[in-house]
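Notes follow once the structure below has been shown.
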Amino acid sequence: MNRSKTTAVLALAFGVGVLMVSSQSCSKKSSSAATMTLYDSLGGTAMVSDPANQGQMVEKGYLGIRTIVDSAIFIIAADTQINGYFKVLIGEVTSGNLSGYQRLSTNLSNFIAVATGAKDYTYTGLSMQDAHNPNTNPRITMTVDSADFNEFIGDVAASATKNGLPPDLLARVGTVLYTVEGQVVQR
Ligand code: HEM
């Protein structure tokens with residue numbers, strides 16, 4: 001892992017620690033804060049115009065997640081530690097076929113939206129176990145190890161920071177992503 005990736009992961013870990021301490025020391029919450037999901041904090045269900053689809057509206061929370069996902073895919077595609085997993089996708093995009101990229105963008109965005117508490121989106125892709133096993137998903141070249149999982153999270157964190165996600169929310173997104181580590185890491 002290079003130094004900036006290490007910094008991103010450490011920043012994420014630090015943020016998680018701060019979050020845990022602050023939530024423990026906060027004994028009383030207002031009812032609206034208590035019912036607010038991470039998805040709400042990411043922008044929630046407020047409708048905004050969708051910059052990628054002229055004339056269409058999209059939930060602000062979903063747009064924020066999709067923006068981070070799309071730029072993360074580009075960061076990952078350029079990351080020589082882990083871009084070997086994505087050979088099928090990179091081959092398609094290089095030859096001008098964006099269908100797999102669009103499907104991945106939608107699947108990853110829907111997965112994260114649902115995982116953070118979105119109610120108006122559903123994830124219809126493979127289970128995390130099947131998505132990350134070349135026997136059940138020929139679009140992944142090999143099973144994932146723990147170092148590469150951390151690298152992937154570092155790339156997502158870099159994308160989130162680049163897109164203006166504040167550190168406290170980044171830490172909460174990181175916590176959600178780490179809940180699937182046991183299913184994604186299979187080597
Ligand atoms: C929190 C961590 C992760 C989440 C939430 C996640 C989620 C997903 C989802 C939703 C899909 C699409 C499944 C489908 O098409 O039905 C996918 C595919 C894939 N994931 Fe992950 N993933 C994670 C980590 C990783 C890591 C660490 C790697 C490798 C280093 C990886 C490599 C891949 C590859 C190569 C594909 C196939 C891409 C394609 O369709 O071309 N993922 N993942």
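Chain labels A, B, ... are given in the sequence in which chains occur in the structure tokens; within each chain residues are numbered consecutively from 1, and ligands are likewise numbered from 1 in the order shown.
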Within 7 Å of ligand 1, counting only C-alpha atoms and all ligand atoms, residues as a PyMOL selection string = chain A and resi 82+85-86+88-89+100-101+103-104+107-108+111-112+125-126+128+131-132+139-141+144+148-150+152-153+177-178+180-181+184
Residues just named, written with N, CA and C atoms as a compact mmCIF listing (two decimals), in the first residue's frame:
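So the final result, stored in again_28.txt, reads:
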# COMPACT_ATOMS: atom_id res chain seq x y z
N ILE A 82 -4.76 -3.52 -7.33
CA ILE A 82 -6.02 -4.29 -7.39
C ILE A 82 -6.72 -4.27 -8.75
N TYR A 85 -8.05 -7.56 -10.69
CA TYR A 85 -9.33 -8.24 -10.42
C TYR A 85 -10.38 -7.84 -11.47
N PHE A 86 -10.20 -6.66 -12.05
CA PHE A 86 -11.23 -6.05 -12.90
C PHE A 86 -10.89 -6.14 -14.39
N VAL A 88 -11.92 -7.99 -16.84
CA VAL A 88 -13.06 -8.08 -17.78
C VAL A 88 -13.62 -6.68 -18.02
N LEU A 89 -13.87 -5.97 -16.91
CA LEU A 89 -14.44 -4.62 -16.99
C LEU A 89 -13.53 -3.68 -17.76
N GLY A 100 -21.06 -3.05 -18.96
CA GLY A 100 -20.66 -3.66 -17.69
C GLY A 100 -20.35 -2.61 -16.64
N TYR A 101 -19.72 -1.52 -17.07
CA TYR A 101 -19.42 -0.41 -16.15
C TYR A 101 -20.72 0.17 -15.59
N ARG A 103 -23.61 -1.27 -15.34
CA ARG A 103 -24.25 -2.24 -14.43
C ARG A 103 -23.55 -2.24 -13.07
N LEU A 104 -22.21 -2.22 -13.09
CA LEU A 104 -21.45 -2.22 -11.83
C LEU A 104 -21.74 -0.94 -11.04
N ASN A 107 -25.19 -1.37 -9.57
CA ASN A 107 -25.22 -2.38 -8.51
C ASN A 107 -24.51 -1.90 -7.24
N LEU A 108 -23.32 -1.32 -7.42
CA LEU A 108 -22.56 -0.85 -6.25
C LEU A 108 -23.29 0.30 -5.55
N PHE A 111 -26.32 -1.09 -3.78
CA PHE A 111 -25.90 -1.86 -2.60
C PHE A 111 -25.59 -0.91 -1.43
N ILE A 112 -24.79 0.13 -1.72
CA ILE A 112 -24.38 1.06 -0.65
C ILE A 112 -25.57 1.88 -0.18
N GLY A 125 -28.35 -7.44 -7.33
CA GLY A 125 -27.18 -8.17 -7.84
C GLY A 125 -26.91 -9.44 -7.05
N LEU A 126 -25.75 -10.00 -7.30
CA LEU A 126 -25.32 -11.24 -6.63
C LEU A 126 -25.09 -10.98 -5.14
N MET A 128 -22.82 -10.92 -1.79
CA MET A 128 -21.41 -10.48 -1.70
C MET A 128 -20.46 -11.66 -1.85
N ALA A 131 -20.59 -12.62 -5.67
CA ALA A 131 -20.02 -11.56 -6.52
C ALA A 131 -18.50 -11.60 -6.51
N HIS A 132 -17.90 -12.14 -5.42
CA HIS A 132 -16.45 -12.09 -5.27
C HIS A 132 -15.81 -13.47 -5.34
N ARG A 139 -16.75 -12.33 -13.86
CA ARG A 139 -16.23 -10.98 -14.07
C ARG A 139 -15.14 -10.63 -13.05
N ILE A 140 -14.92 -11.47 -12.06
CA ILE A 140 -13.81 -11.25 -11.11
C ILE A 140 -12.77 -12.33 -11.40
N THR A 141 -11.48 -11.91 -11.49
CA THR A 141 -10.46 -12.86 -11.97
C THR A 141 -9.98 -13.83 -10.89
N VAL A 144 -10.48 -12.51 -3.35
CA VAL A 144 -9.88 -11.31 -2.76
C VAL A 144 -9.20 -11.65 -1.43
N ASP A 148 -5.91 -6.60 -0.15
CA ASP A 148 -6.56 -5.97 -1.30
C ASP A 148 -7.93 -5.40 -0.93
N PHE A 149 -8.59 -6.02 0.04
CA PHE A 149 -9.84 -5.44 0.54
C PHE A 149 -9.55 -4.05 1.11
N ASN A 150 -8.50 -3.95 1.93
CA ASN A 150 -8.15 -2.65 2.54
C ASN A 150 -7.77 -1.63 1.47
N PHE A 152 -8.92 -1.50 -1.60
CA PHE A 152 -10.20 -1.10 -2.21
C PHE A 152 -10.88 -0.04 -1.34
N ILE A 153 -10.94 -0.28 -0.03
CA ILE A 153 -11.58 0.68 0.87
C ILE A 153 -10.81 2.02 0.85
N LEU A 177 -19.05 -0.43 5.05
CA LEU A 177 -18.32 -1.25 4.06
C LEU A 177 -17.60 -2.41 4.74
N TYR A 178 -17.05 -2.16 5.92
CA TYR A 178 -16.32 -3.24 6.61
C TYR A 178 -17.25 -4.37 7.09
N VAL A 180 -19.08 -6.11 5.28
CA VAL A 180 -19.11 -7.19 4.28
C VAL A 180 -17.73 -7.83 4.07
N GLU A 181 -16.76 -7.41 4.88
CA GLU A 181 -15.39 -7.93 4.69
C GLU A 181 -15.36 -9.47 4.70
N VAL A 184 -16.61 -10.80 1.37
CA VAL A 184 -15.82 -10.44 0.18
C VAL A 184 -14.47 -11.15 0.20
Contact residues around Ile76 (chain A) with only C-alpha atoms at 12 Å, ignoring same-chain residues under 4 positions, as a VMD selection string | chain A and resid 5 68 to 72 80 to 87 89 to 90 148 to 149 151 to 159
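The gap separating CA of Asn163 (chain A) from CA of Thr67 (chain A) is 7.7 Å, in Å to one decimal.
Residue nearest Gln186 (chain A), chosen from A:Thr161, A:Ser146, A:Ile75, A:Gly117 and counting only C-alpha atoms: A:Ser146.
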Contact residues around Pro51 (chain A) with only C-alpha atoms at 12 Å, ignoring same-chain residues under 2 positions, as number ranges by chain = A: 48-49, 53-60, 63-64, 66-67
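Distances from A:Ser109, A:Gln102, A:Thr94, A:Thr116 to Met36 (chain A) were compared using only C-alpha atoms, and the smallest one belongs to A:Thr116.
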Find the residues around Asp120 (chain A) up to 10 Å (only C-alpha atoms counted), leave out those fewer than 3 positions away in its own chain, and share them as a PyMOL selection string.
-> chain A and resi 45+59+62+110+113-114+117
Would you put the residues from that selection into a file with N, CA, C and O atoms, as a tab-separated table (two decimals), in the first residue's frame?
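again-v2.tsv was written with the following content:
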chain	number	residue	atom	x	y	z
A	45	THR	N	-33.65	11.71	0.97
A	45	THR	CA	-34.63	11.54	-0.11
A	45	THR	C	-34.98	12.85	-0.83
A	45	THR	O	-35.82	12.83	-1.73
A	59	GLU	N	-32.70	11.14	-5.89
A	59	GLU	CA	-32.53	11.48	-4.48
A	59	GLU	C	-31.10	11.98	-4.24
A	59	GLU	O	-30.14	11.42	-4.78
A	62	TYR	N	-28.71	9.36	-2.96
A	62	TYR	CA	-28.29	8.41	-3.99
A	62	TYR	C	-27.28	9.06	-4.94
A	62	TYR	O	-26.28	8.44	-5.31
A	110	ASN	N	-26.57	0.96	-5.64
A	110	ASN	CA	-27.77	0.44	-4.98
A	110	ASN	C	-27.40	-0.30	-3.70
A	110	ASN	O	-28.07	-0.16	-2.67
A	113	ALA	N	-26.44	2.28	-1.13
A	113	ALA	CA	-27.64	3.05	-0.74
A	113	ALA	C	-28.47	2.23	0.25
A	113	ALA	O	-28.84	2.72	1.33
A	114	VAL	N	-28.76	0.97	-0.10
A	114	VAL	CA	-29.58	0.12	0.79
A	114	VAL	C	-28.87	-0.10	2.11
A	114	VAL	O	-29.47	0.00	3.19
A	117	GLY	N	-29.28	2.70	4.44
A	117	GLY	CA	-30.64	2.98	4.92
A	117	GLY	C	-31.63	3.50	3.89
A	117	GLY	O	-32.74	3.89	4.26
Test item, strand (DSSP E or B) assignment across chain A, answer as a list in words | Met47, Val48, Ser49, Met57, Val58, Glu59, Val144 and Val185 of chain A
Just list the residues in chain A DSSP gives helix (DSSP H, G or I) on the backbone, as a PyMOL selection string.
-> chain A and resi 3-25+31-35+38-41+60-77+83-94+99-116+128-131+146-162+167-178+181-184
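Across the model, the gap from CA of Val185 (chain A) to CA of Pro166 (chain A) is 27.5 Å.
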Expressed in Å, the length from CA of Gln183 (chain A) to CA of Asp145 (chain A) is 11.0 Å
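Distances to Leu169 (chain A) were evaluated for A:Asn137, A:Ser105, A:Thr143, A:Thr37 using only C-alpha atoms, and the minimum falls at A:Thr37.
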